[in-house]
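Enquirer: Provided herewith: entry-v2.cif, mmCIF, C-alpha atoms.
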data_input
loop_
_atom_site.label_atom_id
_atom_site.label_comp_id
_atom_site.auth_asym_id
_atom_site.auth_seq_id
_atom_site.Cartn_x
_atom_site.Cartn_y
_atom_site.Cartn_z
CA GLN A 1 -9.31 -22.95 17.60
CA GLN A 2 -6.14 -20.92 17.85
CA PRO A 3 -3.10 -22.74 19.30
CA VAL A 4 -1.41 -21.14 22.29
CA GLN A 5 2.21 -20.09 22.02
CA SER A 6 4.59 -19.35 24.86
CA PRO A 7 6.44 -17.26 25.69
CA GLN A 8 5.06 -14.17 23.96
CA ALA A 9 8.52 -12.65 23.68
CA VAL A 10 12.12 -13.69 24.20
CA ILE A 11 15.28 -11.61 24.28
CA LEU A 12 18.59 -13.41 23.83
CA ARG A 13 22.22 -12.63 23.38
CA GLU A 14 23.92 -14.10 20.36
CA GLY A 15 24.90 -17.69 21.05
CA GLU A 16 22.18 -18.39 23.62
CA ASP A 17 19.46 -20.99 23.21
CA ALA A 18 15.69 -20.58 23.19
CA VAL A 19 12.61 -22.79 23.24
CA ILE A 20 9.22 -21.74 21.88
CA ASN A 21 6.18 -23.82 22.72
CA CYS A 22 2.91 -24.35 20.91
CA SER A 23 -0.06 -26.23 22.34
CA SER A 24 -3.53 -27.07 21.14
CA SER A 25 -6.70 -28.35 22.74
CA LYS A 26 -7.45 -30.42 19.63
CA ALA A 27 -5.93 -33.63 18.37
CA LEU A 28 -3.45 -32.55 15.74
CA TYR A 29 -2.49 -33.91 12.37
CA SER A 30 0.40 -31.54 11.83
CA VAL A 31 2.26 -28.57 13.25
CA HIS A 32 3.95 -25.98 11.06
CA TRP A 33 6.51 -23.42 12.08
CA TYR A 34 7.02 -20.09 10.33
CA ARG A 35 9.30 -17.14 10.94
CA GLN A 36 8.38 -13.59 10.01
CA LYS A 37 10.81 -10.70 9.82
CA HIS A 38 9.44 -7.24 10.43
CA GLY A 39 7.57 -5.95 7.39
CA GLU A 40 7.91 -9.22 5.50
CA ALA A 41 5.81 -12.28 4.78
CA PRO A 42 5.98 -15.36 7.02
CA VAL A 43 8.47 -17.90 5.76
CA PHE A 44 8.06 -21.64 6.23
CA LEU A 45 10.60 -23.35 8.51
CA MET A 46 9.39 -26.91 8.97
CA ILE A 47 6.42 -29.19 9.37
CA LEU A 48 5.90 -32.02 11.83
CA LEU A 49 3.31 -34.72 11.44
CA LYS A 50 1.66 -36.71 14.20
CA GLY A 51 3.94 -39.49 15.31
CA GLY A 52 6.18 -37.53 17.66
CA GLU A 53 8.95 -36.90 15.19
CA GLN A 54 11.64 -34.36 15.59
CA LYS A 55 13.07 -32.32 12.77
CA GLY A 56 16.06 -30.12 12.32
CA HIS A 57 17.03 -27.28 10.06
CA ASP A 58 20.56 -26.00 10.65
CA LYS A 59 20.51 -25.08 14.37
CA ILE A 60 16.74 -24.89 14.53
CA SER A 61 14.85 -28.03 15.37
CA ALA A 62 11.37 -28.95 16.53
CA SER A 63 9.53 -31.76 18.22
CA PHE A 64 5.90 -32.81 18.29
CA ASN A 65 4.37 -34.60 21.26
CA GLU A 66 1.22 -36.12 19.83
CA LYS A 67 -0.15 -37.24 23.19
CA LYS A 68 0.08 -33.76 24.65
CA GLN A 69 -0.78 -31.96 21.39
CA GLN A 70 2.29 -29.83 21.88
CA SER A 71 5.17 -28.80 19.72
CA SER A 72 8.38 -27.08 20.69
CA LEU A 73 10.79 -25.13 18.50
CA TYR A 74 14.43 -25.19 19.63
CA LEU A 75 16.84 -22.49 18.55
CA THR A 76 20.41 -23.40 19.39
CA ALA A 77 23.37 -21.01 19.52
CA SER A 78 21.16 -18.21 18.25
CA GLN A 79 22.35 -15.87 15.55
CA LEU A 80 21.32 -12.28 14.87
CA SER A 81 19.46 -13.53 11.80
CA TYR A 82 17.12 -15.58 14.02
CA SER A 83 15.39 -12.41 15.19
CA GLY A 84 11.75 -12.22 14.16
CA THR A 85 8.34 -13.47 15.15
CA TYR A 86 7.79 -17.21 15.16
CA PHE A 87 4.36 -18.63 14.47
CA CYS A 88 3.12 -22.14 14.86
CA GLY A 89 0.27 -23.28 12.69
CA THR A 90 -1.76 -26.33 13.61
CA GLU A 91 -3.91 -28.61 11.54
CA ALA A 92 -6.54 -30.59 13.41
CA ASP A 93 -6.79 -34.33 12.94
CA GLN A 94 -10.46 -34.68 12.13
CA GLY A 95 -10.29 -36.93 9.13
CA GLY A 96 -10.99 -34.28 6.54
CA SER A 97 -9.52 -31.18 5.11
CA GLU A 98 -8.72 -28.95 8.02
CA LYS A 99 -7.42 -25.45 7.63
CA LEU A 100 -4.18 -24.30 9.17
CA VAL A 101 -4.79 -22.12 12.25
CA PHE A 102 -1.96 -19.94 13.54
CA GLY A 103 -0.96 -18.95 17.05
CA LYS A 104 -0.40 -15.34 18.07
CA GLY A 105 3.34 -15.58 17.64
CA THR A 106 6.49 -15.34 19.74
CA LYS A 107 8.74 -12.38 19.17
CA LEU A 108 12.40 -13.34 19.35
CA THR A 109 15.08 -10.68 19.62
CA VAL A 110 18.72 -11.68 19.39
CA ASN A 111 21.17 -9.00 20.48
CA PRO A 112 24.93 -8.89 19.87
CA ASN B 1 8.73 -17.32 -10.76
CA ALA B 2 6.98 -14.72 -8.61
CA GLY B 3 5.12 -17.04 -6.20
CA VAL B 4 2.23 -15.16 -4.60
CA THR B 5 1.74 -11.57 -5.73
CA GLN B 6 -0.71 -9.20 -4.10
CA THR B 7 -1.65 -5.60 -4.85
CA PRO B 8 -1.73 -2.91 -3.71
CA LYS B 9 1.05 -2.96 -1.14
CA PHE B 10 -0.21 0.13 0.67
CA GLN B 11 -3.65 1.75 0.71
CA VAL B 12 -5.40 4.40 2.76
CA LEU B 13 -9.19 4.40 2.70
CA LYS B 14 -11.84 6.59 4.19
CA THR B 15 -14.54 4.99 6.30
CA GLY B 16 -17.29 3.71 4.05
CA GLN B 17 -15.19 3.43 0.92
CA SER B 18 -14.82 0.13 -0.88
CA MET B 19 -11.78 -1.53 -2.35
CA THR B 20 -10.50 -4.84 -3.65
CA LEU B 21 -7.21 -6.51 -2.81
CA GLN B 22 -5.91 -8.57 -5.68
CA CYS B 23 -3.90 -11.78 -5.37
CA ALA B 24 -2.40 -14.09 -7.96
CA GLN B 25 -0.20 -17.17 -7.67
CA ASP B 26 1.84 -18.83 -10.39
CA MET B 27 2.49 -22.17 -8.66
CA ASN B 28 -0.62 -23.90 -10.01
CA HIS B 29 -1.94 -24.26 -6.48
CA ASN B 30 -5.49 -25.35 -5.85
CA SER B 31 -6.07 -23.64 -2.51
CA MET B 32 -5.84 -19.96 -1.71
CA TYR B 33 -6.34 -17.93 1.47
CA TRP B 34 -6.72 -14.46 2.83
CA TYR B 35 -5.36 -13.71 6.31
CA ARG B 36 -5.27 -10.53 8.33
CA GLN B 37 -2.54 -9.78 10.84
CA ASP B 38 -3.03 -7.42 13.75
CA PRO B 39 -0.57 -6.68 16.55
CA GLY B 40 -0.71 -9.39 19.19
CA MET B 41 -3.32 -11.40 17.29
CA GLY B 42 -1.23 -13.45 14.91
CA LEU B 43 -2.57 -14.49 11.51
CA ARG B 44 -6.33 -14.93 11.35
CA LEU B 45 -8.05 -16.53 8.40
CA ILE B 46 -10.68 -14.38 6.70
CA TYR B 47 -11.75 -16.53 3.76
CA TYR B 48 -10.30 -19.39 1.84
CA SER B 49 -10.85 -21.23 -1.41
CA ALA B 50 -10.14 -24.93 -1.32
CA SER B 51 -10.25 -25.15 -5.11
CA GLU B 52 -11.35 -23.16 -8.11
CA GLY B 53 -15.05 -22.42 -7.88
CA THR B 54 -15.35 -22.74 -4.09
CA THR B 55 -14.99 -20.26 -1.26
CA ASP B 56 -15.60 -20.58 2.47
CA LYS B 57 -15.55 -18.42 5.55
CA GLY B 58 -12.62 -18.49 7.93
CA GLU B 59 -12.36 -17.18 11.48
CA VAL B 60 -13.10 -13.49 10.81
CA PRO B 61 -15.18 -13.12 7.61
CA ASN B 62 -17.50 -10.26 8.63
CA GLY B 63 -17.15 -7.18 6.45
CA TYR B 64 -15.39 -9.01 3.61
CA ASN B 65 -16.24 -10.80 0.41
CA VAL B 66 -14.05 -12.88 -1.85
CA SER B 67 -13.99 -14.04 -5.42
CA ARG B 68 -12.00 -16.94 -6.83
CA LEU B 69 -11.77 -15.55 -10.34
CA ASN B 70 -9.85 -18.54 -11.73
CA LYS B 71 -7.25 -20.97 -10.47
CA ARG B 72 -4.60 -18.25 -10.25
CA GLU B 73 -6.52 -15.34 -8.76
CA PHE B 74 -8.32 -14.78 -5.47
CA SER B 75 -9.53 -11.31 -4.57
CA LEU B 76 -10.69 -9.82 -1.27
CA ARG B 77 -13.26 -7.02 -1.24
CA LEU B 78 -14.12 -4.59 1.50
CA GLU B 79 -17.57 -3.23 0.64
CA SER B 80 -17.73 -0.48 3.26
CA ALA B 81 -14.41 -0.08 5.01
CA ALA B 82 -14.31 0.48 8.77
CA PRO B 83 -11.41 1.56 11.00
CA SER B 84 -11.48 -1.92 12.58
CA GLN B 85 -10.35 -3.27 9.22
CA THR B 86 -7.06 -1.43 9.46
CA SER B 87 -4.61 -4.30 9.25
CA VAL B 88 -1.98 -6.08 7.21
CA TYR B 89 -3.52 -8.51 4.77
CA PHE B 90 -1.73 -11.57 3.47
CA CYS B 91 -2.76 -13.70 0.57
CA ALA B 92 -1.43 -17.25 0.57
CA SER B 93 -1.68 -20.44 -1.43
CA SER B 94 -1.01 -24.15 -1.10
CA GLU B 95 -1.26 -27.10 -3.43
CA HIS B 96 -4.16 -28.55 -1.46
CA LEU B 97 -6.19 -27.52 1.56
CA ARG B 98 -4.73 -30.26 3.73
CA VAL B 99 -1.12 -29.25 3.99
CA GLY B 100 1.59 -31.77 4.71
CA PRO B 101 5.12 -32.68 3.71
CA GLY B 102 5.89 -30.96 0.45
CA ASN B 103 2.61 -29.05 0.57
CA THR B 104 2.96 -26.01 2.72
CA ILE B 105 1.45 -22.54 2.59
CA TYR B 106 3.26 -19.78 0.69
CA PHE B 107 2.53 -16.19 1.58
CA GLY B 108 2.50 -13.01 -0.46
CA GLU B 109 4.37 -9.95 0.77
CA GLY B 110 1.36 -8.34 2.41
CA SER B 111 -0.89 -5.34 1.88
CA TRP B 112 -0.93 -2.56 4.49
CA LEU B 113 -4.42 -1.11 4.70
CA THR B 114 -5.35 1.90 6.81
CA VAL B 115 -8.96 3.01 7.20
CA VAL B 116 -9.40 6.53 8.54
#
Let's see the structure in the file written out as structure tokens.
Expert:
Amino acid sequence: QQPVQSPQAVILREGEDAVINCSSSKALYSVHWYRQKHGEAPVFLMILLKGGEQKGHDKISASFNEKKQQSSLYLTASQLSYSGTYFCGTEADQGGSEKLVFGKGTKLTVNP
Amino acid sequence: NAGVTQTPKFQVLKTGQSMTLQCAQDMNHNSMYWYRQDPGMGLRLIYYSASEGTTDKGEVPNGYNVSRLNKREFSLRLESAAPSQTSVYFCASSEHLRVGPGNTIYFGEGSWLTVV
């Protein structure tokens, strides 16, 4: 079942912050975040496992609320290079090998 | 080290024609995937292969077939192309089906397919 991402699109000025949310109706084992530039392949950003951890990568960080089956991606002091479409991928926690299912994406535009 | 390589990059087909998208990975991964990406729909899984010798349907398998030729190669075939199959197709691979720390999915650069 496809996770739900919000918002669908965000427009920022350079230096502003943004939050992208990802929620699932299933109990999750992991949440993955990818960024895709126009015309390119999705590129892995980070993975979060159940346990409510938070991770960071430069000025991009993410959290995972296991109880709510939600993850949020935080982009701080955005740069022009952050523009792209962000996808979350979720892996259900059903004790076996579950495939990664992606959300529909959030298009982020950072303007000068 | 090329990662995941898929061919062709661009293709135009007529309705009813058949074609095969080729994919190869050089990371010695066990699991391989085919996704399609349509505007506003995100990445949807067509078929996957958990390991050499196995294939399984994903979310949108209708109209497609796959072959896991060997550990490196995983092809996607459209037997009778339809305009609804116009999309961008991504091949991907991971070390194992259950991804986790150190085992994420790597994508190829995509194949743009137009069916007229």
Enquirer: Give me the result of the PyMOL selection byres ((chain B) within 10 of (chain A)) on this file, residue by residue, as a PyMOL selection string.
Expert: chain B and resi 33+37-45+48+50+58-59+88+90-92+96-110+112
Enquirer: Determine the nearest neighbour of Lys59 (chain A) from the options A:Gly15, A:Pro7, A:Pro112, A:Gly84, counting all atoms listed in the file.
Expert: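 Under the stated criterion, the closest residue is A:Gly15.
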Enquirer: When you draw a straight line from CA of Lys14 (chain B) to CA of Glu73 (chain B), how long is it in Å?
Expert: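 Pair CA of Lys14 (chain B) / CA of Glu73 (chain B) returns 26.0 Å.
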Enquirer: So how far away is CA of Val115 (chain B) from CA of Ala82 (chain B), in Å?
Expert: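 Going from CA of Ala82 (chain B) over to CA of Val115 (chain B), I get 6.1 Å.
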Enquirer: Hey, what comes out of the PyMOL selection byres ((chain B and resi 62) around 12) on this file? Could you write it as a PyMOL selection string?
Expert: chain B and resi 45-47+57-61+63-66+77-82+84-85
Enquirer: Take the residues just selected and output them with C-alpha atoms as a PDB file, keeping the file's coordinate frame.
Expert:
ATOM      1  CA  LEU B  45      -8.050 -16.530   8.400  1.00  0.00           C
ATOM      2  CA  ILE B  46     -10.680 -14.380   6.700  1.00  0.00           C
ATOM      3  CA  TYR B  47     -11.750 -16.530   3.760  1.00  0.00           C
ATOM      4  CA  LYS B  57     -15.550 -18.420   5.550  1.00  0.00           C
ATOM      5  CA  GLY B  58     -12.620 -18.490   7.930  1.00  0.00           C
ATOM      6  CA  GLU B  59     -12.360 -17.180  11.480  1.00  0.00           C
ATOM      7  CA  VAL B  60     -13.100 -13.490  10.810  1.00  0.00           C
ATOM      8  CA  PRO B  61     -15.180 -13.120   7.610  1.00  0.00           C
ATOM      9  CA  GLY B  63     -17.150  -7.180   6.450  1.00  0.00           C
ATOM     10  CA  TYR B  64     -15.390  -9.010   3.610  1.00  0.00           C
ATOM     11  CA  ASN B  65     -16.240 -10.800   0.410  1.00  0.00           C
ATOM     12  CA  VAL B  66     -14.050 -12.880  -1.850  1.00  0.00           C
ATOM     13  CA  ARG B  77     -13.260  -7.020  -1.240  1.00  0.00           C
ATOM     14  CA  LEU B  78     -14.120  -4.590   1.500  1.00  0.00           C
ATOM     15  CA  GLU B  79     -17.570  -3.230   0.640  1.00  0.00           C
ATOM     16  CA  SER B  80     -17.730  -0.480   3.260  1.00  0.00           C
ATOM     17  CA  ALA B  81     -14.410  -0.080   5.010  1.00  0.00           C
ATOM     18  CA  ALA B  82     -14.310   0.480   8.770  1.00  0.00           C
ATOM     19  CA  SER B  84     -11.480  -1.920  12.580  1.00  0.00           C
ATOM     20  CA  GLN B  85     -10.350  -3.270   9.220  1.00  0.00           C
TER      21      GLN B  85
END
Enquirer: Determine the residue membership of the PyMOL selection byres ((chain A and resi 70-72) around 12) for the file above and supply it as a ChimeraX atom specification.
Expert: /A:3-7,18-33,46-56,60-69,73-75,86-90,103,106
Enquirer: Please write the residues from the selection above to a file, keeping C-alpha atoms, as an mmCIF file, keeping the file's coordinate frame.
Expert:
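As a result, selection.cif now contains:
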data_model
loop_
_atom_site.group_PDB
_atom_site.id
_atom_site.type_symbol
_atom_site.label_atom_id
_atom_site.label_comp_id
_atom_site.auth_asym_id
_atom_site.auth_seq_id
_atom_site.Cartn_x
_atom_site.Cartn_y
_atom_site.Cartn_z
ATOM 1 C CA PRO A 3 -3.100 -22.740 19.300
ATOM 2 C CA VAL A 4 -1.410 -21.140 22.290
ATOM 3 C CA GLN A 5 2.210 -20.090 22.020
ATOM 4 C CA SER A 6 4.590 -19.350 24.860
ATOM 5 C CA PRO A 7 6.440 -17.260 25.690
ATOM 6 C CA ALA A 18 15.690 -20.580 23.190
ATOM 7 C CA VAL A 19 12.610 -22.790 23.240
ATOM 8 C CA ILE A 20 9.220 -21.740 21.880
ATOM 9 C CA ASN A 21 6.180 -23.820 22.720
ATOM 10 C CA CYS A 22 2.910 -24.350 20.910
ATOM 11 C CA SER A 23 -0.060 -26.230 22.340
ATOM 12 C CA SER A 24 -3.530 -27.070 21.140
ATOM 13 C CA SER A 25 -6.700 -28.350 22.740
ATOM 14 C CA LYS A 26 -7.450 -30.420 19.630
ATOM 15 C CA ALA A 27 -5.930 -33.630 18.370
ATOM 16 C CA LEU A 28 -3.450 -32.550 15.740
ATOM 17 C CA TYR A 29 -2.490 -33.910 12.370
ATOM 18 C CA SER A 30 0.400 -31.540 11.830
ATOM 19 C CA VAL A 31 2.260 -28.570 13.250
ATOM 20 C CA HIS A 32 3.950 -25.980 11.060
ATOM 21 C CA TRP A 33 6.510 -23.420 12.080
ATOM 22 C CA MET A 46 9.390 -26.910 8.970
ATOM 23 C CA ILE A 47 6.420 -29.190 9.370
ATOM 24 C CA LEU A 48 5.900 -32.020 11.830
ATOM 25 C CA LEU A 49 3.310 -34.720 11.440
ATOM 26 C CA LYS A 50 1.660 -36.710 14.200
ATOM 27 C CA GLY A 51 3.940 -39.490 15.310
ATOM 28 C CA GLY A 52 6.180 -37.530 17.660
ATOM 29 C CA GLU A 53 8.950 -36.900 15.190
ATOM 30 C CA GLN A 54 11.640 -34.360 15.590
ATOM 31 C CA LYS A 55 13.070 -32.320 12.770
ATOM 32 C CA GLY A 56 16.060 -30.120 12.320
ATOM 33 C CA ILE A 60 16.740 -24.890 14.530
ATOM 34 C CA SER A 61 14.850 -28.030 15.370
ATOM 35 C CA ALA A 62 11.370 -28.950 16.530
ATOM 36 C CA SER A 63 9.530 -31.760 18.220
ATOM 37 C CA PHE A 64 5.900 -32.810 18.290
ATOM 38 C CA ASN A 65 4.370 -34.600 21.260
ATOM 39 C CA GLU A 66 1.220 -36.120 19.830
ATOM 40 C CA LYS A 67 -0.150 -37.240 23.190
ATOM 41 C CA LYS A 68 0.080 -33.760 24.650
ATOM 42 C CA GLN A 69 -0.780 -31.960 21.390
ATOM 43 C CA LEU A 73 10.790 -25.130 18.500
ATOM 44 C CA TYR A 74 14.430 -25.190 19.630
ATOM 45 C CA LEU A 75 16.840 -22.490 18.550
ATOM 46 C CA TYR A 86 7.790 -17.210 15.160
ATOM 47 C CA PHE A 87 4.360 -18.630 14.470
ATOM 48 C CA CYS A 88 3.120 -22.140 14.860
ATOM 49 C CA GLY A 89 0.270 -23.280 12.690
ATOM 50 C CA THR A 90 -1.760 -26.330 13.610
ATOM 51 C CA GLY A 103 -0.960 -18.950 17.050
ATOM 52 C CA THR A 106 6.490 -15.340 19.740
#
Enquirer: I want to know what sits within 10 Å of Thr54 (chain B), based on only C-alpha atoms, with residues of the same chain fewer than 6 positions away left out; could you give that as a PyMOL selection string?
Expert: chain B and resi 31+48+67-68
Enquirer: Could you write out that same residue set with C-alpha atoms as a PDB file, in the coordinates of the input?
Expert:
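File result14.pdb, as written:
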ATOM      1  CA  SER B  31      -6.070 -23.640  -2.510  1.00  0.00           C
ATOM      2  CA  TYR B  48     -10.300 -19.390   1.840  1.00  0.00           C
ATOM      3  CA  SER B  67     -13.990 -14.040  -5.420  1.00  0.00           C
ATOM      4  CA  ARG B  68     -12.000 -16.940  -6.830  1.00  0.00           C
TER       5      ARG B  68
END
Enquirer: What gap, in Å, lies between CA of Gln11 (chain B) and CA of Thr114 (chain B)?
Expert: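 For CA of Gln11 (chain B) relative to CA of Thr114 (chain B), the distance reads 6.3 Å.
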Enquirer: May I have the protein, DNA and RNA residues with any atom at most 7 Å from the point (-9.2, -10.2, -2.9), counting all atoms listed in the file, written as a short mmCIF file (atom, residue, chain, number, x, y, z; two decimals) with C-alpha atoms, keeping the file's coordinate frame?
Expert:
data_model
loop_
_atom_site.label_atom_id
_atom_site.label_comp_id
_atom_site.auth_asym_id
_atom_site.auth_seq_id
_atom_site.Cartn_x
_atom_site.Cartn_y
_atom_site.Cartn_z
CA THR B 20 -10.50 -4.84 -3.65
CA LEU B 21 -7.21 -6.51 -2.81
CA GLN B 22 -5.91 -8.57 -5.68
CA CYS B 23 -3.90 -11.78 -5.37
CA VAL B 66 -14.05 -12.88 -1.85
CA SER B 67 -13.99 -14.04 -5.42
CA PHE B 74 -8.32 -14.78 -5.47
CA SER B 75 -9.53 -11.31 -4.57
CA LEU B 76 -10.69 -9.82 -1.27
CA ARG B 77 -13.26 -7.02 -1.24
#
Enquirer: Just give me the residues with any atom within 9 Å of (16.6, -13.1, 13.3), file coordinates, counting all atoms listed in the file, written as a list in words.
Expert: Arg35, Gln36, Lys37, Ser78, Gln79, Leu80, Ser81, Tyr82, Ser83, Gly84, Thr85, Leu108, Thr109 and Val110 of chain A
Enquirer: Need the shell around Met27 (chain B): protein/DNA/RNA residues with any atom at most 9 Å away, counting all atoms listed in the file. Skip same-chain ones fewer than 4 positions apart. Format as a list in words?
Expert: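 With the cut-off at 9 Å, the set is Asn1, Ala2, Gly3, Val4, Arg72, Ser93, Ser94 and Glu95 of chain B.
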